[in-house]
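Visitor: Encoded as C-alpha cells, here's the structure I'll be asking about.
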Amino acid sequence: MEINFWTDTLLIVVTVLVFLMAKKLQQITGLLLLNPILAAMLLIMAGLWYLHIPFTRYHQSVQVMEWLLKPAVVALGFPLYLYWETIRKQALPMLVSLLAGSLVGLFSVVVLAKVLGLPKVLILSLAPKSVTSAIAIEVSRMLGGIPSLAAGIAILVGLFGAVFGYPILQFFGVKNPISQALSIGNASHGIGTSRSVEIGQRFGALSTIGLIVNAVLTSLIAPWVLGLMITWGWI
Amino acid sequence: MFVQILLVLFCLLLGEGIVYTTGIKVPPSILGMLFLFLFLKVGIYKESWIKEIAELLLKYLPLFFVPAGVGIMAYLGKIAQNWFGILTASLISFLLVLVVTGWTHQVLRNLGKRKTRHGN
C-alpha cells in the first residue's frame with residue numbers, strides 16, 4: 001500500500017525537486033563540498049531507506065531520467081564545436097598531454113586497485129574514474145563493471161579535484177594557467193570544471209576542453225588498454 | 001524546440017546504429033557527440049538550431065546521473081568491504097592524472113614557444 005502511493009511520476013518529481021533544492025543550497029552557502037549531485041544522492045538514498053522503497057523499484061521509475069544522459073552527452077558536441085578553434089591552435093600540446101593523462105589514469109588505477117587486492121568487477125568500475133560520470137556510467141557498463149559505482153567514484157574524484165586540484169598543481173610546479181585548467185578538466189571532469197568556471201570564463205572553457213577530449217579518449221582507449229591488461233594477467 | 005530535440009536524437013541514433021551494426025566498443029552517445037560536432041562543423045546543422053537544446057541538456061546533465069548515483073545503495077556491502085582500496089586507488093590515480101597532464105602540457109607549450117622564438 002505504502003509503496004503504491006509512490007508512483008513513477010512522483011518519484012521523478014521528488015528526484016528533480018531534491019536536486020534543485022540541493023543546487024540552491026550550494027548557491028546560497030557557496031560550499032563546493034555541498035555538491036548538488038552528492039547531496040541529492042545521499043538525501044534520496046536516505047529517503048528510500050526510510051520509506052522502505054526498494055532500490056530496484058526506484059530505479060525502474062526514474063529510468064527516463066537516466067536515458068536523458070545519452071542525449072545530454074551528445075550535446076557536449078556543441079561546446080566541442082564552440083571551442084574547436086582554441087583546440088586547433090594548440091592541438092599538439094593539448095592532445096599529447098590529455099592522452100598522457102588518460103593513459104596514466106587508466107594504468108595507475110588498475111595497477112593500484114590490483115595491488116590493493118580489489119576484485120575484478122570493482123577494478124573495471126574504477127577504470128573510468130576521471131571521466132565525467134555520464135560517460136563513466138557508459139564506459140563501465142561496456143567494460144563489465146558496476147555503472148553506479150563508477151558514477152559515485154567519478155563524483156568523488158570530481159569533488160576532490162574541485163577542492164584540492166589547483167593547490168595540488170601549484171604545489172607540483174604546474175604554474176601555467178592554461179595547463180592548470182586543462183588538467184583539472186582531464187582529471188576531475190565536470191565538477192572540477194565548475195570550479196574553473198568560478199575562476200574565470202577562459203579557465204572554464206579550457207577545463208571543458210579537457211573534460212570532453214578525455215571523455216572521447218578514455219572511451220576509445222579504455223577497452224583496448226584493459227583488454228591488453230587482461231591478456232597480461234594484470235586484472 | 002521539438003525539432004531541436006530530434007536533431008540531437010538523430011545523432012544519437014547514428015551512434016547507436018554504428019555500434020549495433022559493427023559491434024565496436026564505444027559508447028553510442030560518444031559517437032553521437034562526434035556526429036553532432038561534425039554536422040555543426042560541416043554546416044549540415046546550424047549553430048542556432050542546436051544552441052538552446054544543447055545548453056538545456058548540459059545545464060541539467062548532473063541531474064540525469066543522480067539515479068545511477070543512488071544505485072550505489074545496492075552495492076554498499078561490496079564497497080564497505082573494499083573502501084580503503086577503492087579510495088586509495090582512485091585518489092592516487094587522480095593525483096597522477098592531474099600532475100602528468102598539467103606537467104606534460106606545460107613542458108610541451110614551453111618547448112613550442114622556444115621554437116617559435118628561435119624561428120623568428
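Note on naming: chains are A, B, ... as they come in the C-alpha cells, residues start from 1 per chain, ligands start from 1 in the order shown.
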I'd like the neighbourhood of A:Leu69 as a list in words, where a residue qualifies if any of its atoms comes within 9 Å (using only C-alpha atoms), though same-chain residues fewer than 6 positions away should be ignored.

Guide: Ala134 and Ile135 of chain A; Ser29, Leu57, Leu61, Pro62, Leu63, Phe64 and Phe65 of chain B

Visitor: Write a file of the selected residues as a PDB file, in the first residue's frame, keeping C-alpha atoms.

Guide:
```
ATOM      1  CA  ALA A 134      27.699  10.361 -17.537  1.00  0.00           C
ATOM      2  CA  ILE A 135      30.375   8.668 -19.592  1.00  0.00           C
TER       3      ILE A 135
ATOM      4  CA  SER B  29      26.448   8.631 -27.046  1.00  0.00           C
ATOM      5  CA  LEU B  57      20.659  19.410 -21.712  1.00  0.00           C
ATOM      6  CA  LEU B  61      23.301  16.874 -17.135  1.00  0.00           C
ATOM      7  CA  PRO B  62      24.236  16.421 -13.458  1.00  0.00           C
ATOM      8  CA  LEU B  63      20.597  15.753 -12.590  1.00  0.00           C
ATOM      9  CA  PHE B  64      20.462  12.858 -15.047  1.00  0.00           C
ATOM     10  CA  PHE B  65      23.074  10.849 -13.250  1.00  0.00           C
TER      11      PHE B  65
END
```

Visitor: Counting only C-alpha atoms, what is within 8 Å of stretch 106-115 of chain B, bar same-chain residues fewer than 4 positions away, as a list in words?

Guide: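 The contact residues come out as Pro93, Val174, Asn176 and Ser179 of chain A; Gly102 and Gly119 of chain B.
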
Visitor: Would you list the contacts of stretch 57-63 of chain A as a list in words, taking every protein, DNA or RNA residue within 6 Å and counting only C-alpha atoms, but skipping same-chain residues closer than 2 positions in sequence?

Guide: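 The residues that qualify are Asp8, Ile12, Pro54, Phe55, Met65 and Glu66 of chain A.
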
Visitor: Determine, counting only C-alpha atoms, which protein, DNA and RNA residues have an atom within 10 Å of an atom of A:Phe164; residues of the same chain fewer than 5 positions away are not included. Present the result as a compact mmCIF listing (two decimals) with N, CA and C atoms, in the first residue's frame.

Guide:
```
# COMPACT_ATOMS: atom_id res chain seq x y z
N GLY A 158 35.80 14.02 -8.75
CA GLY A 158 35.48 15.36 -9.20
C GLY A 158 35.51 16.36 -8.06
N LEU A 159 34.90 15.98 -6.94
CA LEU A 159 34.88 16.87 -5.77
C LEU A 159 36.30 17.14 -5.27
N LEU A 169 48.24 21.33 -8.11
CA LEU A 169 49.01 21.67 -9.32
C LEU A 169 50.09 22.70 -8.99
N ILE A 184 42.78 20.09 -14.84
CA ILE A 184 41.63 19.98 -13.93
C ILE A 184 40.46 19.31 -14.65
N GLY A 192 35.17 19.45 -11.39
CA GLY A 192 36.37 20.28 -11.39
C GLY A 192 36.17 21.49 -12.29
N LEU B 95 45.57 11.94 -8.64
CA LEU B 95 46.71 12.83 -8.46
C LEU B 95 47.67 12.71 -9.65
```

Visitor: Give me the residues within 12 Å of stretch 38-44 of chain B as number ranges by chain, counting only C-alpha atoms and dropping any in the same chain fewer than 4 places off.

Guide: A: 74-75, 77-85; B: 7-8, 10-11, 14, 31-34, 48-51

Visitor: Just the selected residues (C-alpha atoms), exported as a CSV table (one decimal), in the first residue's frame, please.

Guide:
```
chain,number,residue,atom,x,y,z
A,74,VAL,CA,25.6,14.1,-27.4
A,75,ALA,CA,25.0,17.8,-26.5
A,77,GLY,CA,29.3,18.1,-29.2
A,78,PHE,CA,28.1,21.7,-29.1
A,79,PRO,CA,30.8,23.1,-26.7
A,80,LEU,CA,33.3,21.0,-28.7
A,81,TYR,CA,32.3,22.9,-31.8
A,82,LEU,CA,32.4,26.3,-30.0
A,83,TYR,CA,36.0,25.7,-28.6
A,84,TRP,CA,37.3,24.0,-31.7
A,85,GLU,CA,39.4,26.9,-32.8
B,7,LEU,CA,18.3,16.8,-34.4
B,8,VAL,CA,20.1,15.7,-31.2
B,10,PHE,CA,19.3,11.8,-34.8
B,11,CYS,CA,23.0,12.0,-33.9
B,14,LEU,CA,23.5,7.3,-35.8
B,31,LEU,CA,29.8,8.7,-31.3
B,32,GLY,CA,26.6,10.8,-31.3
B,33,MET,CA,28.6,13.7,-29.8
B,34,LEU,CA,31.2,13.4,-32.5
B,48,SER,CA,21.2,28.4,-33.9
B,49,TRP,CA,19.3,25.1,-34.4
B,50,ILE,CA,21.2,23.3,-31.6
B,51,LYS,CA,22.2,26.1,-29.2
```

Visitor: Which one is closest to chain B: A:Ala162, A:Leu149, A:Ile87, A:Thr29? Count only C-alpha atoms.

Guide: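 With only C-alpha atoms as the atom set, the closest residue is A:Leu149.
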
Visitor: Write out as a PyMOL selection string which residues come within 8 Å of B:Val100 when counting only C-alpha atoms, dropping same-chain ones fewer than 5 positions away.

Guide: chain A and resi 97+100-101+104

Visitor: Using N, CA and C atoms, can you write the selected residues to a file as an mmCIF file, in the first residue's frame?

Guide:
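Okay, selection.cif is ready:
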```
data_model
loop_
_atom_site.group_PDB
_atom_site.id
_atom_site.type_symbol
_atom_site.label_atom_id
_atom_site.label_comp_id
_atom_site.auth_asym_id
_atom_site.auth_seq_id
_atom_site.Cartn_x
_atom_site.Cartn_y
_atom_site.Cartn_z
ATOM 1 N N SER A 97 49.170 15.885 -24.035
ATOM 2 C CA SER A 97 49.090 15.894 -22.571
ATOM 3 C C SER A 97 47.808 15.223 -22.075
ATOM 4 N N ALA A 100 48.306 11.507 -22.509
ATOM 5 C CA ALA A 100 49.227 11.012 -21.476
ATOM 6 C C ALA A 100 48.468 10.874 -20.154
ATOM 7 N N GLY A 101 47.696 11.897 -19.815
ATOM 8 C CA GLY A 101 46.940 11.862 -18.569
ATOM 9 C C GLY A 101 45.937 10.724 -18.530
ATOM 10 N N VAL A 104 47.825 7.364 -18.176
ATOM 11 C CA VAL A 104 48.340 7.222 -16.808
ATOM 12 C C VAL A 104 47.193 6.915 -15.854
#
```

Visitor: Point out the residue among B:Trp83, B:Trp103, B:Phe94, B:Tyr60 with the least atom-to-atom distance to A:Leu68, counting only C-alpha atoms.

Guide: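 Looking only at the distances to A:Leu68, the closest residue turns out to be B:Tyr60.
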
Visitor: Excluding A:Phe171 and its own-chain neighbours fewer than 5 positions away, which residues fall within 10 Å of it when counting only C-alpha atoms? Please give them as number ranges by chain.

Guide: A: 165-166; B: 99
